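Asker: To be precise about what I am sending: the file is called run-v7.tsv and holds TSV, C-alpha atoms.
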chain	number	residue	atom	x	y	z
A	1	MET	CA	8.61	15.30	112.59
A	2	MET	CA	12.36	15.10	112.04
A	3	GLU	CA	14.57	14.95	115.11
A	4	TYR	CA	17.54	17.31	115.31
A	5	LYS	CA	20.37	17.34	117.88
A	6	GLY	CA	22.88	19.72	116.28
A	7	LYS	CA	24.15	23.05	117.52
A	8	TYR	CA	21.96	25.30	115.33
A	9	GLN	CA	18.33	26.26	115.66
A	10	ILE	CA	15.77	24.82	113.25
A	11	VAL	CA	12.31	26.04	112.37
A	12	ASP	CA	9.50	24.34	114.26
A	13	LEU	CA	7.18	22.89	111.63
A	14	GLY	CA	4.78	21.98	114.41
A	15	GLU	CA	3.69	25.62	114.35
A	16	VAL	CA	2.66	25.47	110.70
A	17	LYS	CA	-1.09	25.57	110.15
A	18	THR	CA	-2.67	23.54	107.33
A	19	TYR	CA	-5.98	23.67	105.50
A	20	SER	CA	-7.94	21.12	103.49
A	21	LEU	CA	-6.92	20.55	99.89
A	22	PHE	CA	-10.60	20.16	99.06
A	23	THR	CA	-11.35	23.78	100.04
A	24	ARG	CA	-8.21	25.31	98.50
A	25	PRO	CA	-8.70	27.31	95.29
A	26	SER	CA	-6.90	25.50	92.46
A	27	GLU	CA	-6.18	26.48	88.88
A	28	VAL	CA	-6.30	23.03	87.23
A	29	SER	CA	-9.12	20.49	87.36
A	30	LEU	CA	-10.22	17.30	85.64
A	31	GLU	CA	-11.95	19.42	83.01
A	32	ASN	CA	-8.53	20.61	81.85
A	33	LEU	CA	-7.27	17.12	80.97
A	34	ILE	CA	-6.60	16.62	77.29
A	35	ASP	CA	-9.01	14.48	75.27
A	36	LEU	CA	-7.11	11.70	73.50
A	37	LYS	CA	-9.86	11.17	70.94
A	38	ARG	CA	-9.67	14.80	69.90
A	39	ILE	CA	-5.92	14.46	69.39
A	40	LEU	CA	-6.42	11.48	67.10
A	41	ASN	CA	-9.32	12.96	65.18
A	42	ASN	CA	-7.85	16.42	64.59
A	43	PRO	CA	-4.98	17.50	62.32
A	44	LEU	CA	-1.44	17.60	63.70
A	45	MET	CA	-0.97	20.45	66.15
A	46	TYR	CA	2.76	20.70	65.45
A	47	ASP	CA	5.13	19.16	62.96
A	48	SER	CA	8.86	18.78	62.51
A	49	LYS	CA	11.25	16.33	60.94
A	50	GLU	CA	12.92	15.76	64.31
A	51	LEU	CA	9.66	14.89	66.06
A	52	ARG	CA	8.76	12.38	63.34
A	53	ILE	CA	12.18	10.76	63.70
A	54	VAL	CA	11.68	10.45	67.46
A	55	ALA	CA	8.19	8.96	67.02
A	56	ASP	CA	9.54	6.39	64.55
A	57	ALA	CA	12.39	5.56	66.92
A	58	ILE	CA	9.92	4.91	69.76
A	59	ILE	CA	7.87	2.54	67.61
A	60	ASP	CA	10.98	0.72	66.39
A	61	ALA	CA	12.32	0.41	69.93
A	62	ARG	CA	9.18	-1.22	71.26
A	63	LYS	CA	8.82	-3.53	68.26
A	64	ASN	CA	12.30	-4.79	69.05
A	65	GLY	CA	11.81	-5.03	72.81
A	66	LYS	CA	14.03	-2.08	73.64
A	67	PRO	CA	13.38	0.46	76.42
A	68	VAL	CA	11.58	3.77	76.08
A	69	ILE	CA	12.39	5.92	79.12
A	70	VAL	CA	10.59	9.20	79.84
A	71	PHE	CA	11.58	11.83	82.39
A	72	SER	CA	8.95	14.54	82.68
A	73	GLY	CA	8.73	17.79	84.58
A	74	ALA	CA	5.61	18.81	86.47
A	75	HIS	CA	4.06	21.21	83.96
A	76	ALA	CA	2.87	18.29	81.84
A	77	VAL	CA	0.39	17.49	84.62
A	78	LYS	CA	-0.62	21.13	85.08
A	79	ASN	CA	-1.13	21.38	81.33
A	80	GLY	CA	-3.54	18.44	81.41
A	81	LEU	CA	-1.31	16.05	79.46
A	82	SER	CA	-1.37	13.11	81.89
A	83	PRO	CA	-3.76	11.08	79.70
A	84	ILE	CA	-1.04	10.88	77.05
A	85	TYR	CA	1.46	9.40	79.50
A	86	ASN	CA	-1.15	7.05	80.93
A	87	ASP	CA	-2.16	5.63	77.56
A	88	LEU	CA	1.45	5.10	76.50
A	89	ILE	CA	2.15	3.38	79.82
A	90	ASN	CA	-0.93	1.18	79.49
A	91	ARG	CA	0.11	0.21	75.96
A	92	LYS	CA	3.61	-0.72	77.21
A	93	ILE	CA	5.19	1.91	74.97
A	94	ILE	CA	6.74	3.77	77.91
A	95	THR	CA	8.79	1.22	79.84
A	96	THR	CA	10.10	3.53	82.59
A	97	PHE	CA	8.68	6.83	83.79
A	98	ALA	CA	10.56	9.32	85.94
A	99	SER	CA	9.75	12.71	87.38
A	100	ASN	CA	10.49	15.21	90.10
A	101	GLY	CA	8.63	15.80	93.36
A	102	ALA	CA	6.37	18.51	91.93
A	103	PHE	CA	5.02	16.10	89.32
A	104	THR	CA	4.04	13.64	92.03
A	105	ILE	CA	2.23	16.39	93.95
A	106	HIS	CA	0.05	17.54	91.06
A	107	ASP	CA	-0.60	13.95	90.04
A	108	PHE	CA	-1.54	13.06	93.64
A	109	GLU	CA	-3.84	16.05	94.10
A	110	LEU	CA	-5.74	15.38	90.87
A	111	ALA	CA	-6.22	11.75	91.89
A	112	ILE	CA	-7.56	12.54	95.35
A	113	SER	CA	-9.47	15.80	94.82
A	114	GLY	CA	-9.84	16.30	91.08
A	115	LYS	CA	-7.92	19.57	91.17
A	116	THR	CA	-4.39	20.92	91.65
A	117	SER	CA	-2.10	23.95	91.23
A	118	GLU	CA	-2.70	26.76	93.68
A	119	ASN	CA	-2.28	30.44	92.88
A	120	VAL	CA	1.22	30.93	94.31
A	121	PRO	CA	1.39	34.77	94.34
A	122	HIS	CA	-2.02	35.01	95.97
A	123	ALA	CA	-1.30	32.34	98.59
A	124	LEU	CA	2.33	33.25	99.31
A	125	GLU	CA	1.70	36.70	100.72
A	126	LYS	CA	-0.89	35.27	103.11
A	127	GLY	CA	1.36	32.48	104.37
A	128	LEU	CA	-0.89	29.87	102.77
A	129	PHE	CA	1.26	28.50	99.95
A	130	GLY	CA	1.92	24.78	100.20
A	131	PHE	CA	-0.01	23.86	103.32
A	132	ALA	CA	-2.74	21.55	102.03
A	133	GLU	CA	-3.31	19.01	104.80
A	134	GLU	CA	-4.06	15.96	102.65
A	135	THR	CA	-1.10	16.46	100.31
A	136	ASN	CA	1.33	16.89	103.17
A	137	LYS	CA	-0.06	14.15	105.39
A	138	TYR	CA	-0.68	11.32	102.95
A	139	ILE	CA	2.42	11.67	100.77
A	140	ASN	CA	4.73	11.90	103.79
A	141	ASN	CA	3.03	9.07	105.67
A	142	ALA	CA	3.21	6.80	102.63
A	143	LEU	CA	6.92	7.56	102.20
A	144	ILE	CA	7.65	7.01	105.90
A	145	HIS	CA	5.92	3.65	105.68
A	146	GLY	CA	7.61	2.82	102.37
A	147	ASN	CA	11.00	3.74	103.78
A	148	LYS	CA	10.51	1.31	106.66
A	149	LEU	CA	9.90	-1.40	104.06
A	150	LYS	CA	12.90	-0.16	102.01
A	151	LEU	CA	10.74	0.65	98.96
A	152	GLY	CA	11.05	3.38	96.36
A	153	TYR	CA	8.96	6.55	96.20
A	154	GLY	CA	6.94	5.53	93.14
A	155	GLU	CA	6.02	2.14	94.54
A	156	SER	CA	5.07	3.66	97.90
A	157	ILE	CA	2.60	6.10	96.36
A	158	GLY	CA	1.43	3.46	93.89
A	159	ARG	CA	0.52	1.09	96.72
A	160	LEU	CA	-1.35	3.87	98.51
A	161	MET	CA	-3.37	4.73	95.40
A	162	ALA	CA	-4.03	1.07	94.62
A	163	GLY	CA	-5.96	0.76	97.88
A	164	GLU	CA	-3.44	-0.69	100.31
A	165	ALA	CA	-3.43	0.53	103.90
A	166	PHE	CA	-0.12	2.31	103.44
A	167	PRO	CA	-0.06	2.99	106.39
A	168	GLU	CA	-3.73	3.89	106.26
A	169	LYS	CA	-6.21	3.39	103.46
A	170	VAL	CA	-7.03	6.54	101.51
A	171	ASN	CA	-9.72	6.97	98.87
A	172	PHE	CA	-8.59	8.24	95.45
A	173	PRO	CA	-11.78	8.70	93.42
A	174	HIS	CA	-9.85	9.86	90.35
A	175	LYS	CA	-6.91	7.47	90.49
A	176	GLU	CA	-7.42	6.41	86.88
A	177	ILE	CA	-5.94	9.74	85.74
A	178	SER	CA	-2.82	9.34	87.92
A	179	VAL	CA	0.43	8.51	86.17
A	180	GLN	CA	1.79	7.09	89.42
A	181	TYR	CA	-1.19	4.74	89.70
A	182	ASN	CA	-1.13	3.64	86.05
A	183	ALA	CA	2.59	2.95	86.22
A	184	PHE	CA	2.19	0.90	89.40
A	185	VAL	CA	-0.65	-1.32	88.13
A	186	ASN	CA	1.22	-1.90	84.85
A	187	ASP	CA	4.52	-2.80	86.57
A	188	VAL	CA	6.24	0.16	84.92
A	189	PRO	CA	8.82	1.72	87.25
A	190	PHE	CA	7.82	5.22	88.32
A	191	CYS	CA	10.95	6.89	89.66
A	192	ALA	CA	10.61	10.13	91.62
A	193	HIS	CA	13.78	12.20	91.98
A	194	CYS	CA	13.33	14.72	94.79
A	195	ALA	CA	15.38	17.66	96.05
A	196	ILE	CA	14.85	18.37	99.75
A	197	GLY	CA	13.21	21.74	100.33
A	198	ASP	CA	11.82	21.94	96.80
A	199	ASP	CA	8.31	20.62	97.38
A	200	ILE	CA	5.31	21.69	99.43
A	201	TYR	CA	5.11	18.47	101.43
A	202	HIS	CA	8.46	19.42	103.01
A	203	THR	CA	6.84	22.32	104.87
A	204	THR	CA	4.70	20.80	107.64
A	205	LYS	CA	5.06	18.59	110.71
A	206	TYR	CA	4.57	15.49	108.51
A	207	PHE	CA	7.87	16.09	106.71
A	208	ASP	CA	10.52	13.37	107.12
A	209	GLY	CA	13.64	14.03	105.09
A	210	GLU	CA	15.06	10.60	105.82
A	211	ALA	CA	12.00	8.91	104.35
A	212	ILE	CA	11.93	11.12	101.26
A	213	GLY	CA	15.66	10.69	100.73
A	214	GLY	CA	15.52	6.94	101.25
A	215	CYS	CA	12.59	6.32	98.92
A	216	SER	CA	13.78	8.75	96.26
A	217	GLY	CA	17.31	7.35	96.49
A	218	ARG	CA	16.03	3.85	95.77
A	219	ASP	CA	14.10	5.23	92.80
A	220	PHE	CA	17.33	6.61	91.38
A	221	LEU	CA	18.87	3.16	91.63
A	222	ILE	CA	15.84	1.69	89.85
A	223	PHE	CA	16.17	4.40	87.19
A	224	ALA	CA	19.87	3.68	86.73
A	225	ASN	CA	19.12	-0.02	86.38
A	226	GLU	CA	16.64	0.74	83.60
A	227	VAL	CA	19.35	2.72	81.80
A	228	THR	CA	21.61	-0.36	81.93
A	229	LYS	CA	19.07	-2.03	79.61
A	230	LEU	CA	20.04	0.31	76.75
A	231	THR	CA	23.05	-1.76	75.65
A	232	ASP	CA	21.44	-2.52	72.28
A	233	GLY	CA	19.51	0.68	71.73
A	234	GLY	CA	16.40	2.39	73.00
A	235	VAL	CA	14.92	5.85	73.42
A	236	CYS	CA	15.25	8.40	76.23
A	237	LEU	CA	13.02	11.47	76.37
A	238	LEU	CA	13.42	14.52	78.61
A	239	ILE	CA	10.25	16.61	78.70
A	240	GLY	CA	10.31	19.95	80.48
A	241	SER	CA	12.92	19.23	83.15
A	242	ALA	CA	15.85	21.58	82.87
A	243	VAL	CA	17.92	20.37	85.83
A	244	ILE	CA	16.85	17.32	87.86
A	245	GLY	CA	15.98	15.11	84.91
A	246	VAL	CA	19.17	16.07	83.13
A	247	GLU	CA	21.39	15.17	86.03
A	248	ALA	CA	19.56	11.94	86.80
A	249	TYR	CA	20.06	10.81	83.21
A	250	LEU	CA	23.70	11.87	83.17
A	251	LYS	CA	24.61	10.00	86.35
A	252	ALA	CA	22.59	6.93	85.41
A	253	PHE	CA	24.37	6.68	82.05
A	254	SER	CA	27.73	7.06	83.76
A	255	ILE	CA	26.88	4.26	86.22
A	256	ALA	CA	25.82	1.98	83.37
A	257	ALA	CA	29.08	2.55	81.52
A	258	ASN	CA	31.13	2.10	84.69
A	259	ILE	CA	29.68	-1.33	85.52
A	260	GLY	CA	30.12	-2.70	82.02
A	261	LYS	CA	26.54	-2.26	80.77
A	262	THR	CA	27.34	0.52	78.34
A	263	PRO	CA	24.40	2.01	76.44
A	264	ASN	CA	24.74	1.88	72.66
A	265	LYS	CA	22.96	3.29	69.59
A	266	ILE	CA	20.44	5.24	71.63
A	267	ILE	CA	18.05	7.98	70.55
A	268	THR	CA	17.61	10.91	72.91
A	269	ALA	CA	15.26	13.88	72.69
A	270	ASP	CA	14.84	17.02	74.75
A	271	PHE	CA	11.47	18.81	74.66
A	272	ASP	CA	11.70	22.48	75.65
A	273	LEU	CA	10.80	26.03	74.63
A	274	ARG	CA	14.10	27.87	74.30
A	275	GLU	CA	15.91	28.97	71.19
A	276	ALA	CA	19.21	27.11	71.08
A	277	ASN	CA	22.18	26.42	68.85
A	278	ILE	CA	22.96	22.77	69.43
A	279	SER	CA	26.09	22.46	67.34
A	280	ASP	CA	29.01	20.72	68.99
A	281	ALA	CA	31.06	23.90	68.68
A	282	GLN	CA	28.50	25.92	70.65
A	283	MET	CA	28.34	23.24	73.32
A	284	SER	CA	32.04	23.66	74.01
A	285	LYS	CA	32.09	27.46	74.19
A	286	LYS	CA	31.56	28.78	77.68
A	287	ASP	CA	30.93	32.29	76.37
A	288	GLN	CA	27.77	31.09	74.61
A	289	PRO	CA	24.47	31.00	76.55
A	290	THR	CA	23.57	27.59	75.13
A	291	TYR	CA	26.54	26.09	76.97
A	292	TYR	CA	24.60	26.59	80.20
A	293	PHE	CA	21.40	24.96	78.93
A	294	ARG	CA	22.21	21.66	80.61
A	295	ASP	CA	19.24	19.82	79.19
A	296	ILE	CA	20.37	20.50	75.63
A	297	LYS	CA	24.07	20.09	76.32
A	298	SER	CA	23.73	16.74	78.10
A	299	ILE	CA	20.66	15.13	76.54
A	300	VAL	CA	21.03	16.27	72.93
A	301	VAL	CA	24.83	16.35	72.64
A	302	ARG	CA	26.90	14.70	75.37
A	303	ILE	CA	24.97	11.50	76.06
A	304	PRO	CA	24.21	10.48	72.45
A	305	ASN	CA	27.74	11.40	71.34
A	306	ALA	CA	29.23	9.26	74.10
A	307	PHE	CA	27.10	6.20	73.30
A	308	ASN	CA	26.92	6.01	69.49
A	309	GLY	CA	23.52	7.62	69.43
A	310	ARG	CA	21.62	10.55	67.99
A	311	GLY	CA	20.12	13.43	69.92
A	312	TYR	CA	17.26	15.72	68.95
A	313	TYR	CA	15.93	18.99	70.30
A	314	ILE	CA	12.16	19.39	69.97
A	315	LYS	CA	11.50	23.10	70.42
A	316	GLY	CA	7.93	24.09	71.12
A	317	ASP	CA	5.10	24.34	73.61
A	318	GLN	CA	4.54	20.88	75.11
A	319	ASN	CA	0.82	21.47	74.70
A	320	LEU	CA	1.55	21.09	71.00
A	321	THR	CA	4.57	18.80	70.83
A	322	LEU	CA	3.35	16.06	73.18
A	323	PRO	CA	-0.09	15.61	71.57
A	324	THR	CA	1.63	15.50	68.17
A	325	LEU	CA	4.10	12.88	69.36
A	326	TYR	CA	1.19	10.86	70.71
A	327	LYS	CA	-0.76	11.13	67.44
A	328	LEU	CA	2.28	10.11	65.37
A	329	ILE	CA	2.85	7.06	67.58
A	330	MET	CA	-0.78	6.02	67.48
A	331	GLU	CA	-0.91	6.33	63.70
A	332	LYS	CA	1.99	3.87	63.51
A	333	ILE	CA	0.43	1.26	65.79
Translate this structure into structure tokens?
Answerer:
Amino acid sequence: MMEYKGKYQIVDLGEVKTYSLFTRPSEVSLENLIDLKRILNNPLMYDSKELRIVADAIIDARKNGKPVIVFSGAHAVKNGLSPIYNDLINRKIITTFASNGAFTIHDFELAISGKTSENVPHALEKGLFGFAEETNKYINNALIHGNKLKLGYGESIGRLMAGEAFPEKVNFPHKEISVQYNAFVNDVPFCAHCAIGDDIYHTTKYFDGEAIGGCSGRDFLIFANEVTKLTDGGVCLLIGSAVIGVEAYLKAFSIAANIGKTPNKIITADFDLREANISDAQMSKKDQPTYYFRDIKSIVVRIPNAFNGRGYYIKGDQNLTLPTLYKLIMEKI
């Protein structure tokens, strides 16, 4: 538990009661994971010129040894799309994978229990939301241990899932469906970018903000280093992350330019659901709603414009757009 010596009162997380993840009702299970063979054998679920351009750019980037960086929000896991990420990681098509804390939670829970995603409205009113014992204990303990070793978040969880005593050995019977595990065993950086107070494992006595901040902070530095490899092109995707992924990309690109490793001729793509006018004129008008869509403004317009690139907005349900992207890539290789 975190120590505090300031002048204000803090909540005592030692009073919080937990329950077993294995007995908690969950809305997503292994049965909800997408079947890659069905994607490949069925017609395209979605189609657009922009998506085909992005798929071609990914293939070209990997043929030429250039990075393909993906930052994904958590709903991809809840929507059962992890197998797509895992296969692209295993095939060395995704060279860096980044996410937020919620992604790591759902990914962790599926790997250890085969289910995830509690019913928030039902649990919240009963004071039960977020208090799964295993999720809170094992993620925090792994990060505390990883922080002592000065490791990143992704590597800390990867070591735990790979069977190390980190600090204790934990069985993950479904680890093969974990993006964190697949990234770790394939030496693909998995970078978790966390906001304190945003995630359920910040709510019990196991919480250690210093450990989370230290490990996640190192992951940002790893992420920024991967962005410095875009000096001769590459592809950056943002999938369902409207704030954290946007800002991590923006700051990483700025660092790269500042230290003389300026990205160049990049392709960026933002996958989201909203209607948006992405013209440069709209992006500069503060009286237009699109100006405040930071994912579109930064990923589709600002970053590619600053670094001789091209940006694309892929509008649609990720349950359709991601399988289609996967099918288009696989048809090329």
Asker: Name the residues in contact with Phe190 (chain A) at a cut-off of 6 Å, using only C-alpha atoms, excluding same-chain residues fewer than 6 positions from it; report them as a list in words.
Answerer: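 My list of contacting residues is Phe97, Ala98 and Gly154 of chain A.
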Asker: Compile a residue-level contact table for region 44-154 of chain A against region 16-21 of chain A at a cut-off of 7 Å, reporting for every qualifying residue the shortest atom pair and its distance in Å to one decimal, with only C-alpha atoms counted, rows ordered by chain and ascending number, as a tab-separated table.
Answerer:
residue	atom	partner	partner_atom	distance
A:Phe131	CA	A:Thr18	CA	4.8
A:Ala132	CA	A:Leu21	CA	4.8
A:Glu133	CA	A:Thr18	CA	5.2
A:Glu134	CA	A:Leu21	CA	6.1
Asker: Edge lengths and centre in Å to one decimal, as JSON, is what I'm after for the box along x, y and z that holds all listed atoms of region 286-290 of chain A once 8 Å is added on each side.
Answerer:
{"center_x": 27.6, "center_y": 29.9, "center_z": 76.1, "size_x": 24.0, "size_y": 20.7, "size_z": 19.1}
Asker: Using all atoms listed in the file, which residue out of A:Gly316, A:Gly245, A:Gly233, A:Gly65 lies closest to Phe271 (chain A)?
Answerer: A:Gly316
Asker: Name the closest residue to Leu44 (chain A) among the candidates A:Asp232, A:Glu109, A:Glu164, A:Glu331; distances are taken between atoms, counting all atoms listed in the file.
Answerer: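 So, comparing all the options, the nearest one is A:Glu331.
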Asker: Give me the residues near region 207-216 of chain A as a PyMOL selection string, where near means some atom within 10 Å (using all atoms listed in the file) and where sequence neighbours in that chain fewer than 2 positions away do not count.
Answerer: chain A and resi 1-3+13+100-101+136-137+139-156+191-197+200-205+218-222
Asker: Residues within 9 Å of His106 (chain A), please, as a VMD selection string. Count only C-alpha atoms; anything in the same chain fewer than 2 positions from it doesn't count.
Answerer: chain A and resid 74 to 75 77 to 78 102 to 104 108 to 111 115 to 117
Asker: Using all atoms listed in the file, can you tell me which of A:Tyr326, A:Tyr138, A:Tyr312, A:Tyr181 comes closest to Val54 (chain A)?
Answerer: A:Tyr312
Asker: Extract, using all atoms listed in the file, all DNA, RNA and protein residues at most 12 Å from Asp35 (chain A), discarding same-chain residues fewer than 4 positions from it, and format them as a list in words.
Answerer: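 So the residues in contact are Leu30, Glu31, Ile39, Leu40, Asn41, Asn42, Gly80, Leu81, Ser82, Pro83, Ile84, Asp87, Ile177, Pro323, Tyr326 and Lys327 of chain A.
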Asker: Please produce an output containing C-alpha atoms for each residue in the selection, written as a PDB file, keeping the file's coordinate frame.
Answerer:
ATOM      1  CA  LEU A  30     -10.220  17.300  85.640  1.00  0.00           C
ATOM      2  CA  GLU A  31     -11.950  19.420  83.010  1.00  0.00           C
ATOM      3  CA  ILE A  39      -5.920  14.460  69.390  1.00  0.00           C
ATOM      4  CA  LEU A  40      -6.420  11.480  67.100  1.00  0.00           C
ATOM      5  CA  ASN A  41      -9.320  12.960  65.180  1.00  0.00           C
ATOM      6  CA  ASN A  42      -7.850  16.420  64.590  1.00  0.00           C
ATOM      7  CA  GLY A  80      -3.540  18.440  81.410  1.00  0.00           C
ATOM      8  CA  LEU A  81      -1.310  16.050  79.460  1.00  0.00           C
ATOM      9  CA  SER A  82      -1.370  13.110  81.890  1.00  0.00           C
ATOM     10  CA  PRO A  83      -3.760  11.080  79.700  1.00  0.00           C
ATOM     11  CA  ILE A  84      -1.040  10.880  77.050  1.00  0.00           C
ATOM     12  CA  ASP A  87      -2.160   5.630  77.560  1.00  0.00           C
ATOM     13  CA  ILE A 177      -5.940   9.740  85.740  1.00  0.00           C
ATOM     14  CA  PRO A 323      -0.090  15.610  71.570  1.00  0.00           C
ATOM     15  CA  TYR A 326       1.190  10.860  70.710  1.00  0.00           C
ATOM     16  CA  LYS A 327      -0.760  11.130  67.440  1.00  0.00           C
TER      17      LYS A 327
END
Asker: For CA of Asp317 (chain A) and CA of Leu273 (chain A), determine how far apart the two atoms are, in Å to one decimal place.
Answerer: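 If I compute the distance from CA of Asp317 (chain A) to CA of Leu273 (chain A), I get 6.0 Å.
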Asker: Kindly indicate which residue among A:Glu247, A:Asn225, A:Gly260, A:Asn90 lies nearest to Asp187 (chain A), using all atoms listed in the file for the distances.
Answerer: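 The closest residue to Asp187 (chain A) is A:Asn90.
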Asker: Of the candidates A:Ala165, A:Val120, A:Val179, A:Ile239, which shows the shortest atom-to-atom distance to Asn319 (chain A), using all atoms listed in the file?
Answerer: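 For Asn319 (chain A), the nearest of the given residues is A:Ile239.
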Asker: For Lys297 (chain A), work out the shell of residues within 12 Å, counting all atoms listed in the file and skipping chain neighbours fewer than 6 positions away, then give it as a list in words.
Answerer: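 The neighbour list is Ala242, Val243, Val246, Glu247, Leu250, Thr268, Ala269, Asp270, Ala276, Asn277, Ile278, Ser279, Asp280, Ala281, Gln282, Met283, Ser284, Lys285, Lys286, Gln288, Pro289, Thr290, Tyr291, Ile303, Pro304, Asn305, Gly311, Tyr312 and Tyr313 of chain A.
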Asker: Between CA of Ile259 (chain A) and CA of Ile93 (chain A), what is the spacing in Å?
Answerer: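 Going from CA of Ile93 (chain A) over to CA of Ile259 (chain A) covers 26.9 Å.
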Asker: Between CA of Leu237 (chain A) and CA of Asp198 (chain A), what is the distance, to one decimal in Å?
Answerer: 23.0 Å
